[in-house]
Amino acid sequence: MEEDPGHVPVAPPPPRSSESRSKRMRTRIQVPRVIPGNRDHPSSAATPSATPSGAGSVSVDKVALEVLSEEEEEEEEEEEENSFDHDDELSVSLPSADGVTITQEGDGDEVSKAKKRKRGAKRSKAGVQLSPSKSKASRVKRADCWKYFKLISVASKKEFGVQITKAKCKFCSKSYVYHQGGATSQLNRHLTKCTQYLNKLAKAKANLAQGTLTFSPDGSSIVVNPTEYDHDHTRLLIAKMIIVHEYSFRMVEHKWFNILMKWMNSNYESIGRKSIKNECMKVYESEKELLKKSLREAESISLTTDLWTSNQNIQYMCLVAHYIDADWVLQCRVLNFMELDPPHTGIVIAQAVFECMVEWKIEDKVMTITLDNASNNDTAITNLKAKLLARRNTNFDSIYFHVRCAAHIVNLVVNDGLQPLESLISDLRNTVKFFKRSPARMYKFVQVCNQYAIKVGKGLTLDVKTRWSSTYKMLDCGNVYKDAFGYYCEVDNTYVWKPSQSQWELYDKIRPILKTMAGATTAFSASTYPTANVFYPYIIQVKIALKEAQQSGDGYVTSMADAMLDKFDKYWEETNNVMIIATILDPRFKMRYIRWCFAKIYGSLRFQREIEDIDKELERLYKKYETIYRRKLGESETTPSNAQSSSSTKDTSSSLASIIPSGFQTFLESSATESSKSELLIYLDEPNVSVEEKNFNLLNYWKVNTHRFPVVASMAKMFLAVPASSVSSESTFSTGGRILDDYRSSLKPSTVQALVCASSWIRGSQSSPIILGEGDDGDIESVEFPKCVVASN
């Protein structure tokens, strides 16, 4: 009997790994494109007409569930006559409908193909199957029709025991004999007549007008966004993700990241680490231009800066800008995170800061700069003042320029005044570390607490040495278990850091002072809400607590309070009323609160003198900002704000001038120069907003009342943007520390600056304000007790 040329031997299925499966099958579904003059594709006349023109209309030859890449389309046009790649001379294993694996072969030579088909048929009759190890790598079908047909193996009706290959339509299930490597013209012609296919295509086109494309050959529902895969936008989003979340550039080359992206969209194109780094630099440049535009619209800008050394001994200077935008939202942006060559003298720091100002073109808008109390910073301030005054900027006021970091001052005062507590802090810190290292010790400690009826809470806390508020919290939590530490020492000889009773008694005496200072540090450590207005209330609380300690009657506490108060006053001996004015511009405080505070801390004579100085300074500032406001409106500085333009028409009663004494006219002219009640006085005379109002938003208050007090609102926009501490710069270093880890030790300083700054710009444009008093616990490490033991207590 003559061999059937269409016979294909049946081979056992090869292992179905995810990689080989993706090579064997193409899961994308696409409507066949209409190519004029191509005998392998349906004619345009037989294809349904295009949808009506509009935003969602797509021509018939372009409607598809997925669009092939340009490379694939070029390969299709080159090999339209064959559904296999002629360049590949290996075999392919394709799954059939009934689960039988069909092995297909092709050499690119028709004579050799026929010989191999005959050899395969003889081997099949002899009961010999091709070994999977000998089957060659698969060829990928290129013709569009294979999206809608599948290969099946059926028994031949002419020859018993012989299997033949057919192409079965996924829509109507009609099958056609298909010879391996043969033409697909018959299959394409079938699509032009297949009723089920044409009906589903028409329905898909109707859904396309509604923004989705629902189309499926096997009856299952597939909803696809009609927008084509945008590789550029995908690369941009990945770059922003790497910048904001501090991922490695190499992440885009990780195997499972690419598997995920391919599963989300099979058109996803892999990206290399060098390519994504270049994209991150592009994001940095584009975000920089947006920030420059935002800074141009800002009325005034306040800066904070600090120095930091990385784990590679590279010195960085961080410069952060604070300003209130047109929508009355406080913005905080890292402008520069640049390498600063030693020596770090005041002149070097001043020159670096000034060059950053010039780069951002904000040297005429900078009002204040907040720094810590290092000696080189004092030199830097003097040098910067000279540079800014040389520009003769009328808006620059040098008396407000230097703002000392309040959080840093509080830390210095606490550290200098609490030397006797150093042993208690050290012992308690070692105690927390002792329990943290061993769950068995923690379990035993909780048992001791249960045995002596000591209430067990969540656990202990470990402080951060640079944050006094965290040290206070460690002491406060440890004070609850002061007796338990003594009991535990009796059952565990390895524990040698038990604080003494005298140390705890001393802590109890000065605890009110420490609590007040910890609250002040927490309030000053924010960067996303105004802090200048809360500075003075907290500082007054600290001074009042120190004065009360002076009068406590305890000799040690009194001497300690004297030393702390002297240190506290030393750092504010230089007059700078920025914080006082910002407090007055808070409607919850106003001038009434300042009067109450001055009465508490000053004697009667100095009280009166200080109040008069503040009144004069407010009046001077108001006149200055009133002039600026009129200049913006295009008015003359000498023209009264309520002046009326002269009319060309004459009043019929002008004859009254002959009977009115000339002295009256002189009186009118003199009184016209007297200013009426100013906005500032109206604002100060109005009742204060209740301090108990929990949902009060200071910036929103001024946004609503800008039309009533435009000049005072302009003052508020300037003074409320001043940060009370440089914590915003220091917090950037923690981010820098995570970026400059060992994994990224090879990053250049320019790349580090791009990542740190771009992260600040992207996060700042999307973050919401933080409520006062939140966010400080991130510096404190909690050491929790075993939950099962605590629950049984």
# chains A, B, ... in the order shown; residues from 1 in each chain; ligands from 1
>>> residues_around(residues="region 301-316 of chain A", least_positions_apart="5", cutoff="7 Å", atoms="only C-alpha atoms", output="list of chain:residue names")
A:Ala321, A:His322, A:Tyr323, A:Phe337, A:Met338, A:Glu339, A:Leu340, A:Asp341, A:Lys365, A:Val366, A:Met367, A:Thr368, A:Ile369, A:Thr370, A:Leu371, A:Ala721, A:Val722, A:Ser726, A:Ser729, A:Glu730, A:Phe733, A:Gly737
>>> residues_around(residues="Lys433 (chain A)", least_positions_apart="4", cutoff="12 Å", atoms="only C-alpha atoms", output="ChimeraX atom specification")
/A:426-429,437-439,441-442,460-463,474,495,497,781-783
>>> atom_distance(atom1="CA of Lys150 (chain A)", atom2="CA of Lys170 (chain A)")
7.0 Å
>>> select_by_dssp(residues="region 428-582 of chain A", states="alpha helix (DSSP H)", output="PyMOL selection string")
chain A and resi 428-436+439-451+468-479+482-491+501-524+532-550+555-570+578-582
>>> closest_residue(among="A:Ile544, A:Met560, A:Val348, A:Ala523", to="Tyr602 (chain A)", atoms="only C-alpha atoms")
A:Ile544
>>> residues_around(residues="Glu617 (chain A)", least_positions_apart="5", cutoff="12 Å", atoms="only C-alpha atoms", output="ChimeraX atom specification")
/A:399-400,576-578,580-581,584,610-612,622-624
>>> residues_around(residues="Ser690 (chain A)", least_positions_apart="4", cutoff="9 Å", atoms="only C-alpha atoms", output="list in words")
Pro587, Arg588, Phe589 and Phe696 of chain A
>>> closest_residue(among="A:Cys356, A:Glu692, A:Glu299, A:Asn373", to="Trp328 (chain A)", atoms="only C-alpha atoms")
A:Glu299
>>> residues_around(residues="Lys282 (chain A)", least_positions_apart="4", cutoff="10 Å", atoms="only C-alpha atoms", output="MDAnalysis selection string")
chainID A and resid 236 239 276:278 286:288 754
>>> residues_around(residues="Lys515 (chain A)", least_positions_apart="2", cutoff="10 Å", atoms="only C-alpha atoms", output="VMD selection string")
chain A and resid 469 472 to 473 476 510 to 513 517 to 521 542 545
>>> write_last_selection(atoms="N, CA, C and O atoms", output="PDB file, in the first residue's frame")
ATOM      1  N   SER A 469      13.667  62.233  71.917  1.00  0.00           N
ATOM      2  CA  SER A 469      12.311  61.771  72.196  1.00  0.00           C
ATOM      3  C   SER A 469      12.264  60.247  72.294  1.00  0.00           C
ATOM      4  O   SER A 469      11.490  59.692  73.086  1.00  0.00           O
ATOM      5  N   TYR A 472      13.639  59.254  75.729  1.00  0.00           N
ATOM      6  CA  TYR A 472      12.630  59.458  76.765  1.00  0.00           C
ATOM      7  C   TYR A 472      11.608  58.325  76.765  1.00  0.00           C
ATOM      8  O   TYR A 472      11.199  57.834  77.829  1.00  0.00           O
ATOM      9  N   LYS A 473      11.196  57.895  75.584  1.00  0.00           N
ATOM     10  CA  LYS A 473      10.208  56.811  75.520  1.00  0.00           C
ATOM     11  C   LYS A 473      10.797  55.513  76.063  1.00  0.00           C
ATOM     12  O   LYS A 473      10.097  54.724  76.713  1.00  0.00           O
ATOM     13  N   ASP A 476      10.659  55.867  79.782  1.00  0.00           N
ATOM     14  CA  ASP A 476       9.282  55.834  80.270  1.00  0.00           C
ATOM     15  C   ASP A 476       8.733  54.408  80.262  1.00  0.00           C
ATOM     16  O   ASP A 476       8.014  54.004  81.189  1.00  0.00           O
ATOM     17  N   ILE A 510      12.902  64.388  87.635  1.00  0.00           N
ATOM     18  CA  ILE A 510      13.072  65.256  86.458  1.00  0.00           C
ATOM     19  C   ILE A 510      12.219  64.791  85.277  1.00  0.00           C
ATOM     20  O   ILE A 510      12.332  65.335  84.174  1.00  0.00           O
ATOM     21  N   ARG A 511      11.369  63.811  85.503  1.00  0.00           N
ATOM     22  CA  ARG A 511      10.535  63.289  84.412  1.00  0.00           C
ATOM     23  C   ARG A 511       9.654  64.366  83.787  1.00  0.00           C
ATOM     24  O   ARG A 511       9.497  64.394  82.543  1.00  0.00           O
ATOM     25  N   PRO A 512       9.024  65.302  84.539  1.00  0.00           N
ATOM     26  CA  PRO A 512       8.201  66.339  83.890  1.00  0.00           C
ATOM     27  C   PRO A 512       8.984  67.193  82.889  1.00  0.00           C
ATOM     28  O   PRO A 512       8.463  67.556  81.828  1.00  0.00           O
ATOM     29  N   ILE A 513      10.245  67.507  83.234  1.00  0.00           N
ATOM     30  CA  ILE A 513      11.067  68.296  82.308  1.00  0.00           C
ATOM     31  C   ILE A 513      11.352  67.496  81.038  1.00  0.00           C
ATOM     32  O   ILE A 513      11.239  68.009  79.919  1.00  0.00           O
ATOM     33  N   MET A 517      10.312  68.308  77.018  1.00  0.00           N
ATOM     34  CA  MET A 517      11.305  68.410  75.970  1.00  0.00           C
ATOM     35  C   MET A 517      11.097  67.352  74.888  1.00  0.00           C
ATOM     36  O   MET A 517      11.329  67.600  73.700  1.00  0.00           O
ATOM     37  N   ALA A 518      10.665  66.164  75.264  1.00  0.00           N
ATOM     38  CA  ALA A 518      10.389  65.121  74.278  1.00  0.00           C
ATOM     39  C   ALA A 518       9.228  65.514  73.367  1.00  0.00           C
ATOM     40  O   ALA A 518       9.267  65.283  72.156  1.00  0.00           O
ATOM     41  N   GLY A 519       8.196  66.141  73.949  1.00  0.00           N
ATOM     42  CA  GLY A 519       7.084  66.606  73.115  1.00  0.00           C
ATOM     43  C   GLY A 519       7.515  67.685  72.144  1.00  0.00           C
ATOM     44  O   GLY A 519       7.067  67.718  70.986  1.00  0.00           O
ATOM     45  N   ALA A 520       8.401  68.584  72.591  1.00  0.00           N
ATOM     46  CA  ALA A 520       8.896  69.631  71.704  1.00  0.00           C
ATOM     47  C   ALA A 520       9.711  69.038  70.563  1.00  0.00           C
ATOM     48  O   ALA A 520       9.574  69.440  69.396  1.00  0.00           O
ATOM     49  N   THR A 521      10.575  68.080  70.864  1.00  0.00           N
ATOM     50  CA  THR A 521      11.379  67.450  69.819  1.00  0.00           C
ATOM     51  C   THR A 521      10.513  66.749  68.795  1.00  0.00           C
ATOM     52  O   THR A 521      10.763  66.812  67.588  1.00  0.00           O
ATOM     53  N   VAL A 542       8.766  74.465  77.746  1.00  0.00           N
ATOM     54  CA  VAL A 542      10.058  74.026  78.274  1.00  0.00           C
ATOM     55  C   VAL A 542      10.577  75.024  79.304  1.00  0.00           C
ATOM     56  O   VAL A 542      11.039  74.642  80.392  1.00  0.00           O
ATOM     57  N   ALA A 545       8.629  74.760  82.509  1.00  0.00           N
ATOM     58  CA  ALA A 545       8.987  73.545  83.250  1.00  0.00           C
ATOM     59  C   ALA A 545      10.329  73.713  83.954  1.00  0.00           C
ATOM     60  O   ALA A 545      10.504  73.268  85.107  1.00  0.00           O
TER      61      ALA A 545
END
>>> atom_distance(atom1="CA of Val283 (chain A)", atom2="CA of Val252 (chain A)")
16.6 Å
>>> residues_around(residues="Val711 (chain A)", least_positions_apart="3", cutoff="9 Å", atoms="only C-alpha atoms", output="CSV table (one decimal) with N, CA and C atoms, in the first residue's frame")
chain,number,residue,atom,x,y,z
A,622,TYR,N,4.2,94.8,58.1
A,622,TYR,CA,2.9,95.0,57.4
A,622,TYR,C,3.0,96.1,56.3
A,625,TYR,N,5.0,94.6,53.3
A,625,TYR,CA,4.2,93.7,52.5
A,625,TYR,C,3.0,94.4,51.8
A,626,GLU,N,2.5,95.4,52.4
A,626,GLU,CA,1.5,96.2,51.8
A,626,GLU,C,2.1,96.9,50.5
A,628,ILE,N,4.6,95.7,48.7
A,628,ILE,CA,4.8,94.6,47.8
A,628,ILE,C,3.4,94.3,47.1
A,629,TYR,N,2.4,94.2,47.9
A,629,TYR,CA,1.1,93.8,47.4
A,629,TYR,C,0.6,94.9,46.4
A,679,GLU,N,-5.5,95.8,57.8
A,679,GLU,CA,-5.9,94.4,57.9
A,679,GLU,C,-5.3,93.7,59.1
A,680,LEU,N,-4.1,94.1,59.4
A,680,LEU,CA,-3.4,93.4,60.6
A,680,LEU,C,-4.2,93.7,61.9
A,706,THR,N,-7.9,84.6,52.5
A,706,THR,CA,-7.0,85.4,51.7
A,706,THR,C,-7.7,86.6,51.1
A,714,SER,N,-0.2,87.2,52.8
A,714,SER,CA,1.1,87.1,52.1
A,714,SER,C,2.2,87.0,53.2
A,715,MET,N,2.1,87.7,54.3
A,715,MET,CA,3.0,87.5,55.4
A,715,MET,C,3.0,86.1,56.0
A,716,ALA,N,1.8,85.5,56.1
A,716,ALA,CA,1.6,84.2,56.6
A,716,ALA,C,2.3,83.2,55.7
>>> closest_residue(among="A:Ser156, A:Asn267, A:Asn377, A:Gln331", to="Gly346 (chain A)", atoms="only C-alpha atoms")
A:Asn377
>>> decode(residues="region 538-613 of chain A", atoms="C-alpha atoms", output="PDB file, in the first residue's frame")
ATOM      1  CA  TYR A 538       6.572  74.350  72.965  1.00  0.00           C
ATOM      2  CA  ILE A 539       9.564  76.495  73.870  1.00  0.00           C
ATOM      3  CA  ILE A 540       7.457  78.366  76.427  1.00  0.00           C
ATOM      4  CA  GLN A 541       6.404  75.021  77.908  1.00  0.00           C
ATOM      5  CA  VAL A 542      10.058  74.026  78.274  1.00  0.00           C
ATOM      6  CA  LYS A 543      11.005  77.306  79.926  1.00  0.00           C
ATOM      7  CA  ILE A 544       8.057  77.144  82.301  1.00  0.00           C
ATOM      8  CA  ALA A 545       8.987  73.545  83.250  1.00  0.00           C
ATOM      9  CA  LEU A 546      12.572  74.599  83.938  1.00  0.00           C
ATOM     10  CA  LYS A 547      11.438  77.554  86.055  1.00  0.00           C
ATOM     11  CA  GLU A 548       9.177  75.289  88.085  1.00  0.00           C
ATOM     12  CA  ALA A 549      12.085  72.915  88.602  1.00  0.00           C
ATOM     13  CA  GLN A 550      14.157  75.820  89.916  1.00  0.00           C
ATOM     14  CA  GLN A 551      11.537  76.361  92.617  1.00  0.00           C
ATOM     15  CA  SER A 552      11.076  72.652  93.465  1.00  0.00           C
ATOM     16  CA  GLY A 553      13.058  72.857  96.733  1.00  0.00           C
ATOM     17  CA  ASP A 554      15.259  69.881  95.767  1.00  0.00           C
ATOM     18  CA  GLY A 555      18.883  71.027  95.658  1.00  0.00           C
ATOM     19  CA  TYR A 556      19.954  68.711  92.884  1.00  0.00           C
ATOM     20  CA  VAL A 557      16.923  69.382  90.661  1.00  0.00           C
ATOM     21  CA  THR A 558      17.312  73.136  91.186  1.00  0.00           C
ATOM     22  CA  SER A 559      20.982  73.120  90.180  1.00  0.00           C
ATOM     23  CA  MET A 560      20.235  70.950  87.178  1.00  0.00           C
ATOM     24  CA  ALA A 561      17.387  73.256  86.068  1.00  0.00           C
ATOM     25  CA  ASP A 562      19.677  76.295  86.409  1.00  0.00           C
ATOM     26  CA  ALA A 563      22.304  74.686  84.190  1.00  0.00           C
ATOM     27  CA  MET A 564      19.748  73.641  81.567  1.00  0.00           C
ATOM     28  CA  LEU A 565      18.076  77.067  81.527  1.00  0.00           C
ATOM     29  CA  ASP A 566      21.399  78.854  81.058  1.00  0.00           C
ATOM     30  CA  LYS A 567      22.253  76.545  78.177  1.00  0.00           C
ATOM     31  CA  PHE A 568      18.775  76.999  76.739  1.00  0.00           C
ATOM     32  CA  ASP A 569      18.928  80.806  76.748  1.00  0.00           C
ATOM     33  CA  LYS A 570      22.436  80.853  75.311  1.00  0.00           C
ATOM     34  CA  TYR A 571      21.373  79.579  71.915  1.00  0.00           C
ATOM     35  CA  TRP A 572      18.648  82.223  71.547  1.00  0.00           C
ATOM     36  CA  GLU A 573      20.585  85.220  72.742  1.00  0.00           C
ATOM     37  CA  GLU A 574      20.628  86.408  69.119  1.00  0.00           C
ATOM     38  CA  THR A 575      17.348  88.187  68.417  1.00  0.00           C
ATOM     39  CA  ASN A 576      15.242  86.495  65.750  1.00  0.00           C
ATOM     40  CA  ASN A 577      11.493  86.903  66.017  1.00  0.00           C
ATOM     41  CA  VAL A 578      10.601  84.623  63.101  1.00  0.00           C
ATOM     42  CA  MET A 579       8.904  82.094  65.368  1.00  0.00           C
ATOM     43  CA  ILE A 580       7.067  84.754  67.386  1.00  0.00           C
ATOM     44  CA  ILE A 581       5.627  86.346  64.232  1.00  0.00           C
ATOM     45  CA  ALA A 582       4.651  82.918  62.882  1.00  0.00           C
ATOM     46  CA  THR A 583       2.844  82.235  66.161  1.00  0.00           C
ATOM     47  CA  ILE A 584       0.968  85.531  65.887  1.00  0.00           C
ATOM     48  CA  LEU A 585      -0.123  84.580  62.372  1.00  0.00           C
ATOM     49  CA  ASP A 586      -1.753  81.449  63.775  1.00  0.00           C
ATOM     50  CA  PRO A 587      -5.396  82.459  64.518  1.00  0.00           C
ATOM     51  CA  ARG A 588      -5.405  80.147  67.524  1.00  0.00           C
ATOM     52  CA  PHE A 589      -2.712  82.259  69.251  1.00  0.00           C
ATOM     53  CA  LYS A 590      -2.370  85.760  67.785  1.00  0.00           C
ATOM     54  CA  MET A 591      -0.893  88.539  69.936  1.00  0.00           C
ATOM     55  CA  ARG A 592      -2.938  87.541  72.970  1.00  0.00           C
ATOM     56  CA  TYR A 593      -0.900  84.358  73.421  1.00  0.00           C
ATOM     57  CA  ILE A 594       2.384  86.272  73.126  1.00  0.00           C
ATOM     58  CA  ARG A 595       1.255  88.662  75.857  1.00  0.00           C
ATOM     59  CA  TRP A 596       0.335  85.736  78.105  1.00  0.00           C
ATOM     60  CA  CYS A 597       3.703  84.034  77.495  1.00  0.00           C
ATOM     61  CA  PHE A 598       5.754  87.173  78.089  1.00  0.00           C
ATOM     62  CA  ALA A 599       3.912  87.740  81.356  1.00  0.00           C
ATOM     63  CA  LYS A 600       4.944  84.236  82.448  1.00  0.00           C
ATOM     64  CA  ILE A 601       8.653  84.475  81.659  1.00  0.00           C
ATOM     65  CA  TYR A 602       9.483  88.192  81.998  1.00  0.00           C
ATOM     66  CA  GLY A 603       9.172  90.776  84.723  1.00  0.00           C
ATOM     67  CA  SER A 604       6.821  93.753  84.369  1.00  0.00           C
ATOM     68  CA  LEU A 605       9.443  96.145  82.942  1.00  0.00           C
ATOM     69  CA  ARG A 606      10.864  93.758  80.379  1.00  0.00           C
ATOM     70  CA  PHE A 607       7.369  92.534  79.526  1.00  0.00           C
ATOM     71  CA  GLN A 608       6.302  95.995  78.408  1.00  0.00           C
ATOM     72  CA  ARG A 609       9.507  96.542  76.449  1.00  0.00           C
ATOM     73  CA  GLU A 610       9.267  93.215  74.623  1.00  0.00           C
ATOM     74  CA  ILE A 611       5.618  93.792  73.688  1.00  0.00           C
ATOM     75  CA  GLU A 612       6.411  97.238  72.276  1.00  0.00           C
ATOM     76  CA  ASP A 613       9.244  95.793  70.191  1.00  0.00           C
TER      77      ASP A 613
END
